[in-house]
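**Q** This is the content of run.tsv (TSV, C-alpha atoms):
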```tsv
chain	number	residue	atom	x	y	z
A	70	MET	CA	0.00	0.00	0.00
A	71	GLN	CA	1.40	3.35	-1.06
A	72	GLN	CA	1.73	5.84	1.79
A	73	GLN	CA	0.39	9.33	1.25
A	74	PRO	CA	2.47	12.51	1.28
A	75	PHE	CA	2.26	14.46	4.51
A	76	GLU	CA	3.17	17.84	5.95
A	77	ALA	CA	5.57	18.17	8.87
A	78	ASP	CA	7.73	20.62	10.82
A	79	VAL	CA	11.53	20.54	10.74
A	80	ILE	CA	12.67	20.21	14.38
A	81	ALA	CA	16.38	19.60	13.79
A	82	ALA	CA	18.83	19.84	10.91
A	83	PHE	CA	22.22	18.16	10.62
A	84	GLY	CA	24.06	18.17	7.31
A	85	ARG	CA	21.86	16.82	4.54
A	86	HIS	CA	19.53	15.18	7.05
A	87	VAL	CA	16.67	16.58	9.10
A	88	LEU	CA	14.24	15.42	11.74
A	89	VAL	CA	10.63	16.23	10.94
A	90	ARG	CA	7.52	15.89	13.10
A	91	ASP	CA	4.16	15.11	11.53
A	92	ALA	CA	0.66	16.15	12.60
A	93	ALA	CA	0.37	13.11	14.89
A	94	GLY	CA	3.53	14.13	16.77
A	95	VAL	CA	5.64	11.33	15.28
A	96	THR	CA	9.23	12.23	14.47
A	97	HIS	CA	10.90	10.90	11.33
A	98	LYS	CA	14.38	11.02	9.90
A	99	ALA	CA	14.23	12.61	6.43
A	100	ARG	CA	16.42	14.21	3.83
A	101	PRO	CA	15.85	16.87	1.19
A	102	PHE	CA	15.05	15.53	-2.26
A	103	GLY	CA	17.23	17.47	-4.67
A	104	ARG	CA	19.81	20.19	-4.13
A	105	SER	CA	17.25	22.94	-4.58
A	106	VAL	CA	15.43	22.07	-1.34
A	107	ALA	CA	17.10	24.11	1.41
A	108	LEU	CA	15.80	23.49	4.92
A	109	VAL	CA	16.20	25.16	8.30
A	110	CYS	CA	14.77	24.53	11.72
A	111	GLY	CA	11.18	25.77	11.97
A	112	ASP	CA	10.35	25.13	8.31
A	113	ARG	CA	6.99	23.64	7.40
A	114	VAL	CA	7.59	21.03	4.70
A	115	ARG	CA	5.87	18.49	2.46
A	116	CYS	CA	7.24	14.95	2.68
A	117	GLU	CA	6.90	11.79	0.60
A	118	HIS	CA	7.75	8.16	1.34
A	119	ASP	CA	10.35	6.49	-0.88
A	120	ALA	CA	9.39	2.82	-0.56
A	121	ARG	CA	12.24	1.69	-2.78
A	122	HIS	CA	14.94	3.01	-0.45
A	123	GLY	CA	12.92	3.03	2.77
A	124	GLU	CA	13.40	6.76	3.17
A	125	ILE	CA	11.33	9.87	3.69
A	126	HIS	CA	12.09	12.72	1.33
A	127	VAL	CA	11.34	16.38	1.88
A	128	VAL	CA	10.13	17.49	-1.54
A	129	GLN	CA	8.92	21.02	-0.81
A	130	THR	CA	9.44	23.83	1.67
A	131	LEU	CA	6.11	25.53	2.29
A	132	PRO	CA	5.99	29.36	2.29
A	133	ARG	CA	7.66	30.88	5.33
A	134	ARG	CA	5.68	33.39	7.38
A	135	THR	CA	8.92	34.89	8.66
A	136	ALA	CA	12.57	33.93	8.78
A	137	LEU	CA	15.89	35.10	10.17
A	138	TYR	CA	18.45	35.50	7.39
A	139	ARG	CA	22.19	36.12	7.45
A	140	SER	CA	24.58	37.14	4.65
A	141	SER	CA	27.23	34.88	3.26
A	142	ARG	CA	30.66	36.33	2.45
A	143	ARG	CA	29.41	36.80	-1.10
A	144	GLY	CA	26.43	38.80	0.10
A	145	GLU	CA	23.89	36.04	-0.55
A	146	ALA	CA	20.97	35.54	1.85
A	147	GLU	CA	21.04	32.34	3.93
A	148	ALA	CA	18.14	31.35	6.15
A	149	VAL	CA	19.01	30.59	9.78
A	150	CYS	CA	15.58	29.50	11.06
A	151	ALA	CA	12.00	29.98	9.94
A	152	ASN	CA	8.46	30.80	11.02
A	153	LEU	CA	9.51	32.79	14.08
A	154	SER	CA	7.44	35.22	16.07
A	155	LEU	CA	10.08	36.16	18.67
A	156	LEU	CA	13.85	36.61	18.49
A	157	ILE	CA	15.62	36.54	21.86
A	158	VAL	CA	19.13	37.99	21.77
A	159	VAL	CA	21.18	36.67	24.68
A	160	CYS	CA	24.25	38.47	26.01
A	161	ALA	CA	26.18	38.27	29.27
A	162	PRO	CA	28.74	40.17	31.38
A	163	ARG	CA	31.24	37.45	30.41
A	164	PRO	CA	32.17	36.98	27.68
A	165	ALA	CA	31.94	40.75	27.30
A	166	ALA	CA	28.77	41.69	25.48
A	167	ASP	CA	29.36	42.68	21.84
A	168	LEU	CA	26.49	45.13	21.47
A	169	PHE	CA	27.23	45.66	17.79
A	170	VAL	CA	26.32	42.00	17.23
A	171	VAL	CA	23.21	42.52	19.36
A	172	ASP	CA	22.24	45.49	17.19
A	173	ARG	CA	22.62	43.48	13.99
A	174	TYR	CA	20.31	40.76	15.26
A	175	LEU	CA	17.78	43.39	16.30
A	176	ALA	CA	18.03	45.08	12.90
A	177	ALA	CA	17.37	41.77	11.14
A	178	ALA	CA	14.35	41.08	13.36
A	179	ALA	CA	12.89	44.57	12.89
A	180	SER	CA	13.29	44.37	9.12
A	181	ALA	CA	11.61	40.94	9.05
A	182	GLY	CA	8.69	41.92	11.27
A	183	ILE	CA	9.79	39.55	14.05
A	184	GLY	CA	9.34	40.61	17.67
A	185	ALA	CA	12.52	40.91	19.71
A	186	GLN	CA	13.67	40.73	23.31
A	187	LEU	CA	17.07	41.16	24.96
A	188	VAL	CA	18.15	38.81	27.73
A	189	LEU	CA	21.18	39.46	29.92
A	190	ASN	CA	22.19	36.03	31.17
A	191	LYS	CA	24.66	35.35	34.00
A	192	SER	CA	23.39	38.42	35.83
A	193	ASP	CA	24.83	36.92	39.04
A	194	LEU	CA	28.27	37.97	37.74
A	195	GLY	CA	27.28	41.60	38.21
A	196	ILE	CA	26.36	44.28	35.71
A	197	GLU	CA	28.91	47.06	35.24
A	198	ALA	CA	27.75	50.66	34.91
A	199	ASP	CA	28.55	50.93	31.18
A	200	LEU	CA	26.54	47.82	30.35
A	201	ARG	CA	23.70	48.98	32.59
A	202	ARG	CA	23.54	52.26	30.65
A	203	GLU	CA	23.39	50.37	27.38
A	204	LEU	CA	20.57	48.15	28.66
A	205	ASP	CA	18.71	51.26	29.78
A	206	GLU	CA	19.07	52.68	26.27
A	207	TYR	CA	17.54	49.56	24.73
A	208	ALA	CA	14.65	49.84	27.17
A	209	ARG	CA	14.22	53.51	26.21
A	210	LEU	CA	13.87	52.38	22.60
A	211	GLY	CA	11.00	50.14	23.65
A	212	LEU	CA	12.87	46.84	23.60
A	213	ALA	CA	11.85	44.36	26.30
A	214	THR	CA	14.90	43.50	28.42
A	215	LEU	CA	15.29	40.81	31.07
A	216	ALA	CA	18.08	39.75	33.42
A	217	CYS	CA	18.50	36.02	34.07
A	218	SER	CA	20.74	33.78	36.11
A	219	VAL	CA	20.66	30.01	35.66
A	220	ARG	CA	22.96	29.59	38.68
A	221	GLU	CA	20.60	31.52	40.97
A	222	SER	CA	17.36	30.57	39.16
A	223	GLN	CA	16.46	34.19	38.57
A	224	GLY	CA	14.38	35.51	35.70
A	225	LEU	CA	13.69	32.05	34.24
A	226	ASP	CA	9.95	32.05	34.93
A	227	ALA	CA	9.66	35.49	33.33
A	228	LEU	CA	11.62	34.31	30.28
A	229	LEU	CA	9.42	31.24	29.93
A	230	ALA	CA	6.29	33.39	30.22
A	231	SER	CA	7.52	35.71	27.47
A	232	CYS	CA	7.91	32.73	25.13
A	233	GLN	CA	4.41	31.35	25.66
A	234	GLY	CA	2.44	31.23	22.43
A	235	HIS	CA	5.52	32.04	20.35
A	236	THR	CA	8.00	30.23	18.20
A	237	ALA	CA	11.09	31.87	19.69
A	238	VAL	CA	14.77	31.52	18.88
A	239	LEU	CA	17.74	32.11	21.16
A	240	VAL	CA	20.66	33.81	19.39
A	241	GLY	CA	23.88	35.43	20.52
A	242	GLN	CA	27.60	35.08	21.06
A	243	SER	CA	29.26	31.81	21.94
A	244	GLY	CA	29.55	31.26	25.67
A	245	VAL	CA	26.63	33.41	26.83
A	246	GLY	CA	24.75	30.37	28.17
A	247	LYS	CA	21.97	29.78	25.65
A	248	SER	CA	22.12	26.01	26.05
A	249	SER	CA	22.00	26.35	29.84
A	250	LEU	CA	18.85	28.44	29.48
A	251	VAL	CA	17.30	25.79	27.22
A	252	ARG	CA	18.05	23.03	29.70
A	253	ARG	CA	16.30	24.96	32.47
A	254	LEU	CA	13.32	26.02	30.35
A	255	VAL	CA	12.86	22.58	28.79
A	256	PRO	CA	13.83	19.81	31.24
A	257	GLY	CA	15.20	16.78	29.39
A	258	ALA	CA	15.87	18.79	26.23
A	259	ASP	CA	19.26	17.22	25.53
A	260	ALA	CA	17.92	13.69	25.89
A	261	ALA	CA	14.84	14.42	23.81
A	262	ILE	CA	16.77	15.56	20.76
A	263	GLY	CA	20.02	13.69	21.38
A	264	GLU	CA	18.33	10.30	21.32
A	265	LEU	CA	16.57	11.14	18.06
A	266	VAL	CA	19.80	12.19	16.41
A	267	ARG	CA	21.70	9.14	17.68
A	268	GLU	CA	18.94	6.92	16.37
A	269	ALA	CA	19.06	8.66	13.01
A	270	GLU	CA	22.81	8.72	12.51
A	271	GLY	CA	24.20	6.08	14.84
A	272	ARG	CA	26.19	8.73	16.65
A	273	HIS	CA	25.58	12.02	18.38
A	274	THR	CA	25.58	14.80	15.77
A	275	THR	CA	25.63	18.48	16.61
A	276	THR	CA	22.71	20.14	14.87
A	277	ALA	CA	22.70	23.58	13.34
A	278	SER	CA	19.61	24.39	15.38
A	279	ARG	CA	17.03	22.48	17.42
A	280	LEU	CA	13.37	23.10	18.19
A	281	TYR	CA	11.86	22.23	21.58
A	282	ASP	CA	8.30	22.28	22.87
A	283	LEU	CA	7.86	24.59	25.84
A	284	PRO	CA	5.88	23.65	28.94
A	285	GLY	CA	2.55	25.42	28.71
A	286	GLY	CA	2.76	26.03	24.96
A	287	GLY	CA	5.03	27.57	22.40
A	288	HIS	CA	8.33	26.48	20.90
A	289	LEU	CA	11.95	27.40	21.46
A	290	ILE	CA	14.78	27.09	18.92
A	291	ASP	CA	18.36	26.96	20.19
A	292	SER	CA	20.89	28.14	17.61
A	293	PRO	CA	24.69	27.84	17.70
A	294	GLY	CA	26.69	30.70	19.20
A	295	VAL	CA	28.45	33.14	16.89
A	296	ARG	CA	31.42	35.49	16.93
A	297	ASP	CA	29.74	37.85	14.48
A	298	PHE	CA	26.50	38.16	12.56
A	299	ALA	CA	25.84	39.85	9.23
A	300	PRO	CA	22.15	40.35	8.40
A	301	ALA	CA	21.11	39.50	4.86
A	302	ILE	CA	21.33	42.77	2.95
A	303	ASP	CA	18.34	41.95	0.72
A	304	ARG	CA	16.19	41.57	3.83
A	305	LEU	CA	17.13	44.80	5.59
A	306	GLU	CA	14.89	47.85	5.45
A	307	GLN	CA	17.02	50.01	3.14
A	308	ARG	CA	16.45	53.47	4.62
A	309	SER	CA	16.97	52.68	8.31
A	310	LEU	CA	18.58	49.20	8.20
A	311	GLY	CA	16.15	48.23	10.97
A	312	PHE	CA	17.18	50.93	13.49
A	313	PRO	CA	13.92	52.43	14.84
A	314	GLU	CA	15.54	55.68	15.99
A	315	VAL	CA	17.00	56.19	12.52
A	316	GLU	CA	13.58	55.55	10.98
A	317	ARG	CA	11.96	58.13	13.26
A	318	HIS	CA	14.32	60.91	12.21
A	319	ALA	CA	14.80	59.94	8.55
A	320	ALA	CA	11.63	61.72	7.43
A	321	GLY	CA	13.36	65.03	8.15
A	322	CYS	CA	16.29	64.41	5.83
A	323	ARG	CA	16.75	66.65	2.81
A	324	PHE	CA	17.16	63.74	0.41
A	325	GLN	CA	14.70	60.84	0.27
A	326	ASP	CA	17.52	58.36	-0.41
A	327	CYS	CA	19.73	59.76	2.36
A	328	ARG	CA	22.08	57.16	3.82
A	329	HIS	CA	22.53	59.16	7.04
A	330	VAL	CA	26.32	59.16	6.90
A	331	ARG	CA	27.77	62.19	5.05
A	332	GLU	CA	24.82	63.69	3.19
A	333	PRO	CA	24.02	67.41	3.76
A	334	ASP	CA	20.99	68.36	5.85
A	335	CYS	CA	20.73	64.84	7.28
A	336	ALA	CA	18.22	64.83	10.14
A	337	VAL	CA	19.56	61.55	11.49
A	338	ARG	CA	23.13	62.78	11.74
A	339	GLY	CA	21.89	66.01	13.29
A	340	ALA	CA	19.94	64.07	15.91
A	341	ALA	CA	23.07	62.04	16.71
A	342	GLU	CA	25.12	65.22	17.11
A	343	ARG	CA	22.50	66.66	19.50
A	344	GLY	CA	22.47	63.45	21.55
A	345	GLU	CA	18.93	62.53	20.51
A	346	ILE	CA	20.29	59.31	19.06
A	347	HIS	CA	22.59	57.32	21.33
A	348	ALA	CA	26.20	57.71	20.12
A	349	ARG	CA	27.07	54.01	20.21
A	350	ARG	CA	23.85	53.07	18.44
A	351	TYR	CA	24.56	55.61	15.69
A	352	GLU	CA	28.08	54.20	15.32
A	353	SER	CA	26.50	50.74	15.13
A	354	TYR	CA	24.25	51.97	12.31
A	355	ARG	CA	27.28	53.43	10.49
A	356	ARG	CA	29.16	50.12	10.79
A	357	LEU	CA	26.21	48.17	9.46
A	358	ARG	CA	25.87	50.64	6.57
A	359	ARG	CA	29.53	50.05	5.67
A	360	LEU	CA	29.01	46.29	5.88
A	361	TYR	CA	25.93	46.65	3.69
A	362	ASP	CA	28.05	48.40	1.05
A	363	GLU	CA	30.85	45.81	1.29
A	364	LEU	CA	28.45	42.88	0.87
A	365	THR	CA	26.67	44.64	-1.99
A	366	ALA	CA	30.04	45.05	-3.73
A	367	ALA	CA	30.89	41.39	-3.06
A	368	ARG	CA	27.86	40.34	-5.07
A	369	GLY	CA	29.23	41.98	-8.19
A	370	PRO	CA	27.78	44.44	-10.72
A	371	GLY	CA	24.05	44.39	-11.39
A	372	ARG	CA	23.18	42.62	-8.12
A	373	GLY	CA	22.98	45.53	-5.69
```
Using structure tokens, write down the structure that the file contains.
**A**
Amino acid sequence: MQQQPFEADVIAAFGRHVLVRDAAGVTHKARPFGRSVALVCGDRVRCEHDARHGEIHVVQTLPRRTALYRSSRRGEAEAVCANLSLLIVVCAPRPAADLFVVDRYLAAAASAGIGAQLVLNKSDLGIEADLRRELDEYARLGLATLACSVRESQGLDALLASCQGHTAVLVGQSGVGKSSLVRRLVPGADAAIGELVREAEGRHTTTASRLYDLPGGGHLIDSPGVRDFAPAIDRLEQRSLGFPEVERHAAGCRFQDCRHVREPDCAVRGAAERGEIHARRYESYRRLRRLYDELTAARGPGRG
């Protein structure tokens, strides 16, 4: 008897293999059918049974509601995870928070219409005055911020509550404790996915990202830590690059296509000079604008 095609969610991806979960909650090992099928955690896909080889093939990626994209070195957009409603950027006192990386994640989320939250993990290590001022600035911009400590079990209930009803992803630098947060928010998370991967591959395989069900509803994706992050240039809002304070002031610029760097009568630059835009945030915008130009150039003529 021929088995019917079915739809499923990608809950883990490792190399050219994925784990998918069908409507009945059953998890299957699968692989993309054809090089053109690119999959990431969170994707909704259409699968078919290959009776001849005893495999399940993913034959189609269904339209994504949202996605987090990064740029390759050639300036091409690469999906990181899909169908998100909340991006949680995790930083910590140690390793020292790279707020320029934080800003780039926030810019990508804003441009994609994905909600965002900032979590300071390892708050038991203490928060220095400079970092506290930066966190206050994010709060002034309207970004939800939360301090957590896995060691002292602080802020975890509030973090879990903020994820309810969402498909959320944890992103951030290596070493900030994302996996520790996952283990506390989803007891047994390592065993739940680790056993599936071992069964699929015969060995434990580190996945690019993993999706977990949250107690009380919602889903949480854990993504690998990074040293840097370059948002996909095609996905950024071109005028503001996803910086809300730049967007607010841009309407006052003399030129409609103002890049807010050297142009005359630039309202954004004027606001930065008057202190109405936080100096570090404006520098972060300028750095991302330069990166935008470099990645556009890397794509070659006619592709900007």
**Q** Taking only residues of segment 116-164 of chain A that have an atom at most 12 Å from an atom of segment 297-314 of chain A, what is each one's shortest atom pair and its distance in Å to one decimal, using only C-alpha atoms, in chain and number order, as a Markdown table?
**A**
```
| residue | atom | partner | partner_atom | distance |
| --- | --- | --- | --- | --- |
| A:Thr135 | CA | A:Arg304 | CA | 11.0 |
| A:Ala136 | CA | A:Arg304 | CA | 9.8 |
| A:Leu137 | CA | A:Pro300 | CA | 8.4 |
| A:Tyr138 | CA | A:Ala301 | CA | 5.4 |
| A:Arg139 | CA | A:Pro300 | CA | 4.3 |
| A:Ser140 | CA | A:Ala301 | CA | 4.2 |
| A:Ser141 | CA | A:Ala301 | CA | 7.8 |
| A:Arg142 | CA | A:Ala299 | CA | 9.0 |
| A:Arg143 | CA | A:Ala301 | CA | 10.6 |
| A:Gly144 | CA | A:Ile302 | CA | 7.1 |
| A:Glu145 | CA | A:Ala301 | CA | 7.0 |
| A:Ala146 | CA | A:Ala301 | CA | 5.0 |
| A:Glu147 | CA | A:Ala301 | CA | 7.2 |
| A:Ala148 | CA | A:Ala301 | CA | 8.8 |
| A:Val149 | CA | A:Pro300 | CA | 10.3 |
| A:Val158 | CA | A:Phe298 | CA | 11.8 |
```
**Q** Write the residues of the preceding selection, restricted to C-alpha atoms, as a short mmCIF file (atom, residue, chain, number, x, y, z; two decimals), keeping the file's coordinate frame.
**A**
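Written file, selection_16.cif:
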```cif
data_model
loop_
_atom_site.label_atom_id
_atom_site.label_comp_id
_atom_site.auth_asym_id
_atom_site.auth_seq_id
_atom_site.Cartn_x
_atom_site.Cartn_y
_atom_site.Cartn_z
CA THR A 135 8.92 34.89 8.66
CA ALA A 136 12.57 33.93 8.78
CA LEU A 137 15.89 35.10 10.17
CA TYR A 138 18.45 35.50 7.39
CA ARG A 139 22.19 36.12 7.45
CA SER A 140 24.58 37.14 4.65
CA SER A 141 27.23 34.88 3.26
CA ARG A 142 30.66 36.33 2.45
CA ARG A 143 29.41 36.80 -1.10
CA GLY A 144 26.43 38.80 0.10
CA GLU A 145 23.89 36.04 -0.55
CA ALA A 146 20.97 35.54 1.85
CA GLU A 147 21.04 32.34 3.93
CA ALA A 148 18.14 31.35 6.15
CA VAL A 149 19.01 30.59 9.78
CA VAL A 158 19.13 37.99 21.77
#
```
**Q** Suppose you want the space between atom CA of His318 of chain A and atom CA of Leu168 of chain A; what is it in Å?
**A**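 Value for the atom CA of His318 of chain A-atom CA of Leu168 of chain A distance: 22.0 Å.
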**Q** So which residues fall inside 8 Å of (21.2, 33.2, 26.6) if we count only C-alpha atoms? Mind giving them as a list of chain:residue names?
**A**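 Checked against the point, the hits come out as A:Val158, A:Val159, A:Cys160, A:Ala161, A:Val188, A:Leu189, A:Asn190, A:Leu239, A:Val240, A:Gly241, A:Val245, A:Gly246, A:Lys247, A:Ser248, A:Ser249, A:Leu250.
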**Q** Let me see the file: selected residues, C-alpha atoms, as a tab-separated table (two decimals), keeping the file's coordinate frame.
**A**
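Once written, again.tsv looks like this:
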```tsv
chain	number	residue	atom	x	y	z
A	158	VAL	CA	19.13	37.99	21.77
A	159	VAL	CA	21.18	36.67	24.68
A	160	CYS	CA	24.25	38.47	26.01
A	161	ALA	CA	26.18	38.27	29.27
A	188	VAL	CA	18.15	38.81	27.73
A	189	LEU	CA	21.18	39.46	29.92
A	190	ASN	CA	22.19	36.03	31.17
A	239	LEU	CA	17.74	32.11	21.16
A	240	VAL	CA	20.66	33.81	19.39
A	241	GLY	CA	23.88	35.43	20.52
A	245	VAL	CA	26.63	33.41	26.83
A	246	GLY	CA	24.75	30.37	28.17
A	247	LYS	CA	21.97	29.78	25.65
A	248	SER	CA	22.12	26.01	26.05
A	249	SER	CA	22.00	26.35	29.84
A	250	LEU	CA	18.85	28.44	29.48
```
**Q** Taking 3 positions as the minimum chain separation for residues in the same chain, which residues sit within 12 Å of Ser222 of chain A when counting only C-alpha atoms? Answer as a list in words.
**A**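 Final neighbour list, sorted by chain and number: Asn190, Lys191, Ser192, Asp193, Ala216, Cys217, Ser218, Val219, Leu225, Asp226, Ala227, Leu228, Ser249, Leu250, Arg253 and Leu254 of chain A.
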**Q** Measuring atom to atom with only C-alpha atoms, identify which of A:Phe83, A:Phe169, A:Tyr351, A:Tyr207 is nearest to Ala185 of chain A.
**A**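 Under the stated criterion, the closest residue is A:Tyr207.
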**Q** Mind giving me the straight-line distance from atom CA of Ala320 of chain A to atom CA of Cys335 of chain A in Å, one decimal?
**A**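 Taking atom CA of Ala320 of chain A and atom CA of Cys335 of chain A, their separation equals 9.6 Å.
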**Q** Name the residues in contact with Arg115 of chain A at a cut-off of 12 Å, using only C-alpha atoms, excluding same-chain residues fewer than 6 positions from it; report them as a PDB file with C-alpha atoms, in the coordinates of the input.
**A**
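Listing of result07.pdb after writing:
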```pdb
ATOM      1  CA  GLN A  73       0.390   9.330   1.250  1.00  0.00           C
ATOM      2  CA  PRO A  74       2.470  12.510   1.280  1.00  0.00           C
ATOM      3  CA  PHE A  75       2.260  14.460   4.510  1.00  0.00           C
ATOM      4  CA  GLU A  76       3.170  17.840   5.950  1.00  0.00           C
ATOM      5  CA  ALA A  77       5.570  18.170   8.870  1.00  0.00           C
ATOM      6  CA  ASP A  78       7.730  20.620  10.820  1.00  0.00           C
ATOM      7  CA  VAL A  79      11.530  20.540  10.740  1.00  0.00           C
ATOM      8  CA  VAL A  89      10.630  16.230  10.940  1.00  0.00           C
ATOM      9  CA  ARG A  90       7.520  15.890  13.100  1.00  0.00           C
ATOM     10  CA  ASP A  91       4.160  15.110  11.530  1.00  0.00           C
ATOM     11  CA  ALA A  92       0.660  16.150  12.600  1.00  0.00           C
ATOM     12  CA  ALA A  99      14.230  12.610   6.430  1.00  0.00           C
ATOM     13  CA  ARG A 100      16.420  14.210   3.830  1.00  0.00           C
ATOM     14  CA  PRO A 101      15.850  16.870   1.190  1.00  0.00           C
ATOM     15  CA  PHE A 102      15.050  15.530  -2.260  1.00  0.00           C
ATOM     16  CA  VAL A 106      15.430  22.070  -1.340  1.00  0.00           C
ATOM     17  CA  LEU A 108      15.800  23.490   4.920  1.00  0.00           C
ATOM     18  CA  ILE A 125      11.330   9.870   3.690  1.00  0.00           C
ATOM     19  CA  HIS A 126      12.090  12.720   1.330  1.00  0.00           C
ATOM     20  CA  VAL A 127      11.340  16.380   1.880  1.00  0.00           C
ATOM     21  CA  VAL A 128      10.130  17.490  -1.540  1.00  0.00           C
ATOM     22  CA  GLN A 129       8.920  21.020  -0.810  1.00  0.00           C
ATOM     23  CA  THR A 130       9.440  23.830   1.670  1.00  0.00           C
ATOM     24  CA  LEU A 131       6.110  25.530   2.290  1.00  0.00           C
ATOM     25  CA  PRO A 132       5.990  29.360   2.290  1.00  0.00           C
TER      26      PRO A 132
END
```
**Q** Could you jot down the atom CA of Gly111 of chain A to atom CA of Leu280 of chain A separation for me, Å, one decimal place?
**A** 7.1 Å
**Q** Of the candidates A:Thr96, A:Leu210, A:Gly344, A:Glu221, which shows the shortest atom-to-atom distance to Arg317 of chain A, using all atoms listed in the file?
**A**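 That would be A:Leu210, the residue with the smallest distance to Arg317 of chain A.
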